[in-house]
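Colleague: Handing you a structure now.
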Amino acid sequence: QKEVEQDPGPLSVPEGAIVSLNCTYSNSAFQYFMWYRQYSRKGPELLMYTYSSGNKEDGRFTAQVDKSSKYISLFIRDSQPSDSATYLCAMNAGNNRKLIWGLGTSLAVNP
Amino acid sequence: DVKVTQSSRYLVKRTGEKVFLECVQDMDHENMFWYRQDPGLGLRLIYFSYDVKMKEKGDIPEGYSVSREKKERFSLILESASTNQTSMYLCASSATATDTQYFGPGTRLTVL
């Protein structure tokens, strides 16, 4: 079993839809949780960074961490065609420099 | 803004050639990383460095070596390129162990 599981999709939604992206993990020591967005032929860029449990909101994006269920989510409200990208979750226990990555979910938002 | 640059966007090499991929960051970050990214396999860590002249193996170091002579520069070396090293190579840097990793644009390497 991988340490981090992420459904690769692809996910296709109409413009304006609410998108939910998810990752599950097995290591209860993870404390730092990140979502990265990667456009085609580009490097990943950080979208959201959360420490421990709870919600964090930034514009149309909300990150949720449920440590009891070992589950993290990224919600995108009012999705736009410019949100079409691959979304990768990553996490770290804080005791080393290595991030553990999900495989990424490919999202297409159709106009 | 943090900037991470990689020496080439696209590179084509022959089997057996020695290949150098260079990465430079301008934010005085302590940590630098080399990943490769393949469809269905995601991002896999090759090597990372937490200080000048220091390096640690990642998850797939075989066939690769690295060099960090200056804080801002981290090089990935393929001693004898093979076709199974055809991939997208991504460099990243971070200020601390748990801080955001900032990525370069990637080098698409094809080994023929």
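Each chain of the structure tokens is named A, B, ... in the order shown, its residues numbered from 1; ligands are numbered from 1 in display order.
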Considering only C-alpha atoms, give me a table of residues in chain B that are at most 12 Å from chain A, with the closest atom pair and distance in Å for each, as a tab-separated table.

Modeller:
```
residue	atom	partner	partner_atom	distance
B:Val2	CA	A:Glu45	CA	11.1
B:Lys3	CA	A:Glu45	CA	11.5
B:Val4	CA	A:Gly43	CA	9.9
B:Thr5	CA	A:Gly43	CA	10.5
B:Gln6	CA	A:Gly43	CA	10.7
B:Arg9	CA	A:Arg41	CA	9.3
B:Tyr10	CA	A:Arg41	CA	10.6
B:Glu30	CA	A:Arg97	CA	10.8
B:Asn31	CA	A:Arg97	CA	8.1
B:Met32	CA	A:Arg97	CA	9.7
B:Phe33	CA	A:Lys98	CA	9.2
B:Trp34	CA	A:Lys98	CA	11.3
B:Tyr35	CA	A:Gly43	CA	10.8
B:Arg36	CA	A:Gly43	CA	11.1
B:Gln37	CA	A:Leu103	CA	9.6
B:Asp38	CA	A:Leu103	CA	9.7
B:Pro39	CA	A:Leu103	CA	8.8
B:Gly40	CA	A:Leu103	CA	7.0
B:Leu41	CA	A:Leu103	CA	6.6
B:Gly42	CA	A:Leu103	CA	4.5
B:Leu43	CA	A:Trp101	CA	6.7
B:Arg44	CA	A:Trp101	CA	8.2
B:Leu45	CA	A:Lys98	CA	8.1
B:Ile46	CA	A:Lys98	CA	10.8
B:Tyr47	CA	A:Lys98	CA	10.0
B:Phe48	CA	A:Arg97	CA	8.5
B:Ser49	CA	A:Arg97	CA	9.4
B:Tyr50	CA	A:Arg97	CA	8.4
B:Lys55	CA	A:Arg97	CA	11.8
B:Glu56	CA	A:Arg97	CA	10.2
B:Lys57	CA	A:Lys98	CA	10.6
B:Gly58	CA	A:Lys98	CA	8.1
B:Asp59	CA	A:Lys98	CA	9.7
B:Ser87	CA	A:Arg41	CA	12.0
B:Met88	CA	A:Arg41	CA	8.9
B:Tyr89	CA	A:Gly43	CA	9.4
B:Leu90	CA	A:Gly43	CA	6.8
B:Cys91	CA	A:Gly43	CA	8.6
B:Ala92	CA	A:Gly43	CA	9.0
B:Ser93	CA	A:Arg97	CA	10.8
B:Ser94	CA	A:Arg97	CA	9.2
B:Ala95	CA	A:Arg97	CA	10.5
B:Thr96	CA	A:Arg97	CA	7.9
B:Ala97	CA	A:Arg97	CA	4.4
B:Thr98	CA	A:Gly94	CA	5.7
B:Asp99	CA	A:Arg97	CA	8.9
B:Thr100	CA	A:Leu46	CA	7.1
B:Gln101	CA	A:Leu46	CA	7.7
B:Tyr102	CA	A:Glu45	CA	6.7
B:Phe103	CA	A:Gly43	CA	5.5
B:Gly104	CA	A:Gly43	CA	5.7
B:Pro105	CA	A:Gly43	CA	4.5
B:Gly106	CA	A:Gly43	CA	5.8
B:Thr107	CA	A:Arg41	CA	9.2
B:Arg108	CA	A:Arg41	CA	8.7
```

Colleague: Mind listing the strand (DSSP E) residues of stretch 2-109 of chain A, per DSSP on the backbone, as a ChimeraX atom specification?

Modeller: /A:4-6,11-14,19-25,32-38,45-51,54-58,61-66,71-76,85-92,100-101,105-109

Colleague: Give me, as number ranges by chain, all polymer residues having an atom no more than 6 Å from A:Tyr25, counting only C-alpha atoms and skipping those fewer than 5 positions away in the same chain.

Modeller: A: 3-4, 70

Colleague: Keeping all heavy atoms, export the residues of the selection given above as a compact mmCIF listing (two decimals), in the first residue's frame.

Modeller:
```txt
# COMPACT_ATOMS: atom_id res chain seq x y z
N GLU A 3 1.99 5.10 0.66
CA GLU A 3 1.77 5.98 1.82
C GLU A 3 0.71 7.02 1.53
O GLU A 3 0.00 7.45 2.43
CB GLU A 3 3.08 6.69 2.18
CG GLU A 3 4.00 5.87 3.06
CD GLU A 3 5.11 6.72 3.64
OE1 GLU A 3 6.07 7.01 2.90
OE2 GLU A 3 5.03 7.08 4.82
N VAL A 4 0.62 7.46 0.27
CA VAL A 4 -0.36 8.46 -0.13
C VAL A 4 -1.09 7.95 -1.37
O VAL A 4 -0.46 7.57 -2.34
CB VAL A 4 0.31 9.82 -0.45
CG1 VAL A 4 -0.72 10.82 -0.92
CG2 VAL A 4 1.05 10.34 0.78
N LYS A 70 -7.35 10.42 8.25
CA LYS A 70 -6.18 10.42 7.36
C LYS A 70 -6.61 10.76 5.92
O LYS A 70 -6.37 9.98 4.97
CB LYS A 70 -5.44 9.08 7.42
CG LYS A 70 -4.87 8.74 8.80
CD LYS A 70 -3.91 7.58 8.69
CE LYS A 70 -3.43 7.12 10.03
NZ LYS A 70 -4.44 6.44 10.83
```

Colleague: Hey, which of B:Lys53, B:Asn84, B:Leu11, B:Asp1 ends up closest to B:Arg68? Count only C-alpha atoms.

Modeller: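 That would be B:Lys53, the residue with the smallest distance to B:Arg68.
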